[in-house]
Every structure is written in structure tokens, then in C-alpha cells.
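Undergrad: Quick one: the structure is below, questions incoming.
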Amino acid sequence: MDPEANAVLSGPSAPDRFAALSVRSGLSLGVLYSSRVADFNLILAAAAKVFKAGRCYAEREVNDVLREWLAHEGSMLAVDHVELRRWLVDCGVMDRDDYGRAYTPGVPAPEIAALVSALSGTDLRALGAAARTRDAQAREERKRQWEARGEGQTT
């Protein structure tokens, strides 16, 4: 197993790391792939969870599912559904027929498969929304404290 992917599993739990990533914005899969492969694998594993094993999806269905996922669970990403779909296929998470019309869940690398398993039973949509709410509340509290400190000062 890739040492960085293993670090995600042995460090913070996969759901905890996903929650931490959920508060970010503008993440690029290409940059994650080259600099934080453990986070890249975690994102692909999270996206893989929305596809049912053994089901065949038309390209339009895959696009619709990925658009929905990017609007919620994957909102930290700065990618569109087409780029995400390509990464899923290239990394074996999804298999595509030779004509690009039919997609089925694939057999991802062991690192990604382990993360899919580590995320099972976790409502990633709710987890991400809760993390974003906590982050917004913490930012608001820091702002309030900063403003309160400045009220008694003169310029």
C-alpha cells in the first residue's frame, strides 16, 4: 500500500480527513495527485461510494450523479463532472466500455479500495455539511472576537 494512503488510514480516520477536506475550496485533483496522493485517493474513494456495485450506468447517468456529488460532497473541488469522470476511469474506480456509453464500478487500486471500505456507513454529505457549518461558525466567532478587541482602541 502507498505510504501516504496508509497514513490517511493510520492517522486521522478517513471520515475525519474527509471532513477536514470538506471545508476547503478550489482543490484540484491534478495537484492532489502530484502532491497529496492520500487525499486524492480519499476523494476518489468518496466519489466511488455513490455508484452501486454491479450496476451499469449510461454516460448521462454518470454525469448527473457526479454533478450532484460535486454540488454537495465534492464541493471542495475545482473540477467539473467530466474531469472527475476521467480520473475515476483512469484510476480504475469506474470501467467504461470502448464507446464511452456504459460505465460500471471498477476495481480500484488497493489504496482506494481500502478507503472506500473505511468510508462505508458514513453519510459524507451530512459529514461535509456539518464540517462546513462548524468552520463557518468558528470563523464568525474569530471575527466577533477580533472586532470586540478593536472597539476599545482609538486610531
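Chain labels run A, B, ... following the order of the C-alpha cells; each chain numbers its residues from 1, and ligands are numbered from 1 in the order shown.
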If DSSP is run on the backbone, what residues of region 30-132 of chain A are strand (DSSP E or B)? A reply as a list of chain:residue names would be ideal.
TA: A:Tyr57, A:Ala58, A:Leu77, A:Met94, A:Asp95, A:Arg96, A:Ala102, A:Tyr103, A:Thr104, A:Pro105
Undergrad: Where does region 16-99 of chain A meet region 119-141 of chain A within 10 Å, residue by residue, with the nearest atom pair and distance in Å to one decimal for each, counting only C-alpha atoms, listed by chain and rising number, as CSV?
TA:
```
residue,atom,partner,partner_atom,distance
A:Asp16,CA,A:Leu127,CA,8.8
A:Phe18,CA,A:Gly128,CA,7.4
A:Ala19,CA,A:Gly128,CA,5.3
A:Ala20,CA,A:Ala131,CA,7.2
A:Leu21,CA,A:Gly128,CA,8.4
A:Ser22,CA,A:Gly128,CA,5.2
A:Val23,CA,A:Arg132,CA,5.1
A:Arg24,CA,A:Arg132,CA,8.6
A:Leu42,CA,A:Leu119,CA,8.9
A:Ala45,CA,A:Leu119,CA,7.9
A:Ala46,CA,A:Leu119,CA,7.1
A:Ala47,CA,A:Leu124,CA,9.7
A:Lys49,CA,A:Ser120,CA,7.7
A:Trp69,CA,A:Arg125,CA,8.5
A:Ala71,CA,A:Arg125,CA,9.9
A:His72,CA,A:Arg125,CA,6.2
A:Glu73,CA,A:Arg125,CA,4.9
A:Gly74,CA,A:Gly128,CA,8.7
A:Ser75,CA,A:Gly128,CA,8.9
A:Met76,CA,A:Gly128,CA,9.4
```
Undergrad: I'd like the neighbourhood of Glu83 (chain A) as a PyMOL selection string, where a residue qualifies if any of its atoms comes within 12 Å (using only C-alpha atoms), though same-chain residues fewer than 3 positions away should be ignored.
TA: chain A and resi 28-30+44+63+66-67+70+77-80+86-90
Undergrad: Those residues you just picked out, can you put them in a file as an mmCIF file, in the first residue's frame with N, CA and C atoms?
TA:
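As a result, again.cif now contains:
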```cif
data_model
loop_
_atom_site.group_PDB
_atom_site.id
_atom_site.type_symbol
_atom_site.label_atom_id
_atom_site.label_comp_id
_atom_site.auth_asym_id
_atom_site.auth_seq_id
_atom_site.Cartn_x
_atom_site.Cartn_y
_atom_site.Cartn_z
ATOM 1 N N SER A 28 -7.729 21.072 -6.598
ATOM 2 C CA SER A 28 -7.523 20.497 -7.924
ATOM 3 C C SER A 28 -7.126 19.033 -7.776
ATOM 4 N N LEU A 29 -7.783 18.170 -8.508
ATOM 5 C CA LEU A 29 -7.410 16.752 -8.447
ATOM 6 C C LEU A 29 -6.003 16.539 -8.976
ATOM 7 N N GLY A 30 -5.624 17.278 -10.007
ATOM 8 C CA GLY A 30 -4.278 17.149 -10.553
ATOM 9 C C GLY A 30 -3.209 17.511 -9.542
ATOM 10 N N LEU A 44 -11.351 10.252 -4.496
ATOM 11 C CA LEU A 44 -11.875 9.268 -5.459
ATOM 12 C C LEU A 44 -12.685 8.187 -4.755
ATOM 13 N N ASN A 63 -22.801 11.335 -15.467
ATOM 14 C CA ASN A 63 -22.652 12.795 -15.423
ATOM 15 C C ASN A 63 -23.587 13.414 -14.391
ATOM 16 N N LEU A 66 -22.385 12.579 -10.851
ATOM 17 C CA LEU A 66 -21.181 13.334 -10.494
ATOM 18 C C LEU A 66 -21.473 14.816 -10.303
ATOM 19 N N ARG A 67 -22.363 15.386 -11.104
ATOM 20 C CA ARG A 67 -22.740 16.793 -10.891
ATOM 21 C C ARG A 67 -23.345 16.972 -9.502
ATOM 22 N N LEU A 70 -20.600 16.635 -6.871
ATOM 23 C CA LEU A 70 -19.755 17.833 -6.835
ATOM 24 C C LEU A 70 -20.465 19.023 -6.184
ATOM 25 N N LEU A 77 -13.909 20.694 -4.460
ATOM 26 C CA LEU A 77 -13.126 20.544 -5.688
ATOM 27 C C LEU A 77 -13.398 21.656 -6.692
ATOM 28 N N ALA A 78 -12.364 21.997 -7.429
ATOM 29 C CA ALA A 78 -12.474 22.956 -8.533
ATOM 30 C C ALA A 78 -12.339 22.172 -9.836
ATOM 31 N N VAL A 79 -13.242 21.213 -10.024
ATOM 32 C CA VAL A 79 -13.263 20.395 -11.236
ATOM 33 C C VAL A 79 -14.706 20.272 -11.696
ATOM 34 N N ASP A 80 -14.875 19.888 -12.944
ATOM 35 C CA ASP A 80 -16.230 19.609 -13.415
ATOM 36 C C ASP A 80 -16.433 18.097 -13.452
ATOM 37 N N ARG A 86 -13.181 11.333 -15.786
ATOM 38 C CA ARG A 86 -11.925 10.841 -16.389
ATOM 39 C C ARG A 86 -10.987 10.281 -15.332
ATOM 40 N N TRP A 87 -10.849 10.994 -14.207
ATOM 41 C CA TRP A 87 -9.989 10.496 -13.137
ATOM 42 C C TRP A 87 -10.518 9.155 -12.611
ATOM 43 N N LEU A 88 -11.825 9.037 -12.436
ATOM 44 C CA LEU A 88 -12.401 7.781 -11.939
ATOM 45 C C LEU A 88 -12.113 6.626 -12.889
ATOM 46 N N VAL A 89 -12.220 6.877 -14.174
ATOM 47 C CA VAL A 89 -11.928 5.829 -15.167
ATOM 48 C C VAL A 89 -10.435 5.528 -15.200
ATOM 49 N N ASP A 90 -9.619 6.567 -15.259
ATOM 50 C CA ASP A 90 -8.169 6.370 -15.344
ATOM 51 C C ASP A 90 -7.609 5.622 -14.136
#
```
Undergrad: Please identify which residues in region 71-149 of chain A DSSP calls helix (DSSP H, G or I) from the backbone, and express them as an NGL selection string.
TA: :A and (71 or 81-90 or 110-119 or 124-149)
Undergrad: What's the separation between CA of Ala113 (chain A) and CA of Ile43 (chain A), in Å to one decimal place?
TA: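 CA of Ala113 (chain A) sits 11.8 Å away from CA of Ile43 (chain A).
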Undergrad: Which distance in Å separates CA of Ala118 (chain A) and CA of Ser25 (chain A), to one decimal?
TA: 23.3 Å
Undergrad: One number please: CA of Arg55 (chain A) to CA of Phe40 (chain A), in Å, one decimal.
TA: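 Going from CA of Arg55 (chain A) over to CA of Phe40 (chain A), I get 24.5 Å.
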Undergrad: Have a look at A:Leu32, A:Ala148, A:Cys56, A:Ile112 and name the one nearest to Val93 (chain A); count only C-alpha atoms.
TA: A:Ile112
